[in-house]
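Asker: Can you keep this structure in mind? I'll have questions shortly.
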Amino acid sequence: MKRLGALIVVLGLATAAAATLGSAAPAGKAGAGGATALPPKPKLPALPAAVKARGKWLIGVKCDTPPFGWQDTSGRNRGYDIEVARQFAKWAFGSTSKVDFTCVTTASRIGTLTSGRVDIIISTLTWTAEREKTIDYSVPYYGAAGKLLVKNSVTVGKLSTWMRGKKIVSTSGSIYDRWISNCFKDTAFQVVASPGAGVLAVKNGQADALMYDDSFLVGVAANDRDLKLATNTFLKVPWGIGIRKGETSMKRWVDAAIRGMKARNMFWPILRRTVPRRFYMLFRKSTPSPTNTLKYPRASTPENNCPS
């Protein structure tokens with residue numbers, strides 16, 4: 001019970017970080033950044049027939065990963081990915097409420113998509129060549145990077161040497177799982193059920209570090225005086241929306257919607273509402289905009305790029 005209570009506290013801290021200054025941060029004008037001449041809604045392709053007939057989206061999202069996908073105390077889905085999904089609903093059906101969310105984990109999200117339970121997944125899905133063999137990706141809608149969460153007393157040096165003999169935790173099926181397996185043979189890797197469980201493992205001394213996306217870890221470090229982010233940054237790979245193979249009309253619509261949001265500079269105002277103001281500079285270039293285009297590193301295999 002003590003462990004459960006601690007985990008709830010950890011997740012609460014992360015959630016608080018996601019909400020900090022969210023209501024106070026100005027949403028900004030959708031047309032900021034040189035896109036003021038554009039109409040409020042882009043011209044979009046026809047909706048996939050099944051989605052149109054149903055009259056709403058079915059979308060898989062994270063429910064334990066603030067500030068991108070989480071549930072508040074009333075059970076309402078919140079976060080960056082959620083707002084992107086609601087914008088899709090608004091453009092498709094004229095209402096942000098025309099979407100049903102299904103909670104997914106890192107390990108379950110692709111299976112949830114391919115089984116047909118949801119139309120798409122907007123769930124912190126980092127691009128990898130291996131995943132792209134199973135599903136299609138939309139054009140990028142966020143640029144993530146990996147970080148290490150450690151205790152304040154820990155000094156992380158050069159990763160190629162510091163990682164030796166260490167115990168690192170992350171979620172199952174993540175790009176970090178494969179990167180450690182490929183590049184750090186002397187590192188013990190353990191799967192945790194959720195990012196919050198990974199935070200708890202570091203706090204309890206059961207792991208030397210949690211390896212995860214910077215967007216989640218920065219909020220934890222900002223609200224826990226015993227933990228910090230190491231300065232090392234790695235695996236800068238964009239996220240995409242997951243789409244079933246062969247569903248060309250779905251991909252066409254989703255890509256057009258993302259490009260429409262990018263042209264109207266809508267992603268940065270969404271992120272500003274979900275991260276504390278003091279971290280704006282850290283994440284400013286993580287979102288697509290009229291002047292910032294994100295690209296998948298298809299010419300390489302990031303999880304095989306080992307630090308020297």
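Please note that chains go A, B, ... in the order of the structure tokens, that every chain numbers its residues from 1, and that ligands are numbered from 1 in the order shown.
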To test your reading of the structure, identify every residue in range 49-297 of chain A that backbone DSSP assigns to strand (DSSP E or B), and report it as a count of residues only.

Answerer: 64

Asker: Can you pull out every residue within 8 Å of Phe234 in chain A, counting only C-alpha atoms, but drop anything in the same chain fewer than 2 positions away, and send it as a list in words?

Answerer: Ala145, Gly146, Lys147, Asn232 and Lys236 of chain A

Asker: Grab the residues selected above and save them as a PDB file, in the first residue's frame with N, CA, C and O atoms.

Answerer:
ATOM      1  N   ALA A 145      12.797  14.182 -27.544  1.00  0.00           N
ATOM      2  CA  ALA A 145      14.187  13.816 -27.272  1.00  0.00           C
ATOM      3  C   ALA A 145      14.235  13.019 -25.987  1.00  0.00           C
ATOM      4  O   ALA A 145      13.360  13.154 -25.122  1.00  0.00           O
ATOM      5  N   GLY A 146      15.246  12.167 -25.856  1.00  0.00           N
ATOM      6  CA  GLY A 146      15.388  11.347 -24.664  1.00  0.00           C
ATOM      7  C   GLY A 146      16.240  12.020 -23.605  1.00  0.00           C
ATOM      8  O   GLY A 146      17.164  12.786 -23.913  1.00  0.00           O
ATOM      9  N   LYS A 147      15.893  11.749 -22.346  1.00  0.00           N
ATOM     10  CA  LYS A 147      16.640  12.270 -21.207  1.00  0.00           C
ATOM     11  C   LYS A 147      16.715  11.206 -20.120  1.00  0.00           C
ATOM     12  O   LYS A 147      15.985  10.204 -20.144  1.00  0.00           O
ATOM     13  N   ASN A 232      22.563  15.151 -20.540  1.00  0.00           N
ATOM     14  CA  ASN A 232      22.655  14.390 -21.789  1.00  0.00           C
ATOM     15  C   ASN A 232      21.316  14.377 -22.532  1.00  0.00           C
ATOM     16  O   ASN A 232      20.269  14.183 -21.932  1.00  0.00           O
ATOM     17  N   LYS A 236      16.831  12.170 -30.710  1.00  0.00           N
ATOM     18  CA  LYS A 236      15.921  13.238 -31.118  1.00  0.00           C
ATOM     19  C   LYS A 236      15.150  12.765 -32.350  1.00  0.00           C
ATOM     20  O   LYS A 236      15.614  12.901 -33.481  1.00  0.00           O
TER      21      LYS A 236
END

Asker: Nearest to Lys285 in chain A: which of A:Phe184, A:Tyr141, A:Tyr212, A:Phe189 is it, counting only C-alpha atoms?

Answerer: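 Between A:Phe184, A:Tyr141, A:Tyr212, A:Phe189, the residue approaching Lys285 in chain A most closely is A:Tyr141.
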
Asker: Which residues are close to Lys251 in chain A, i.e. within 12 Å by only C-alpha atoms, leaving aside same-chain residues fewer than 6 positions away? Reply as a PyMOL selection string.

Answerer: chain A and resi 44-48+119-121+135-139+240-245+257-259
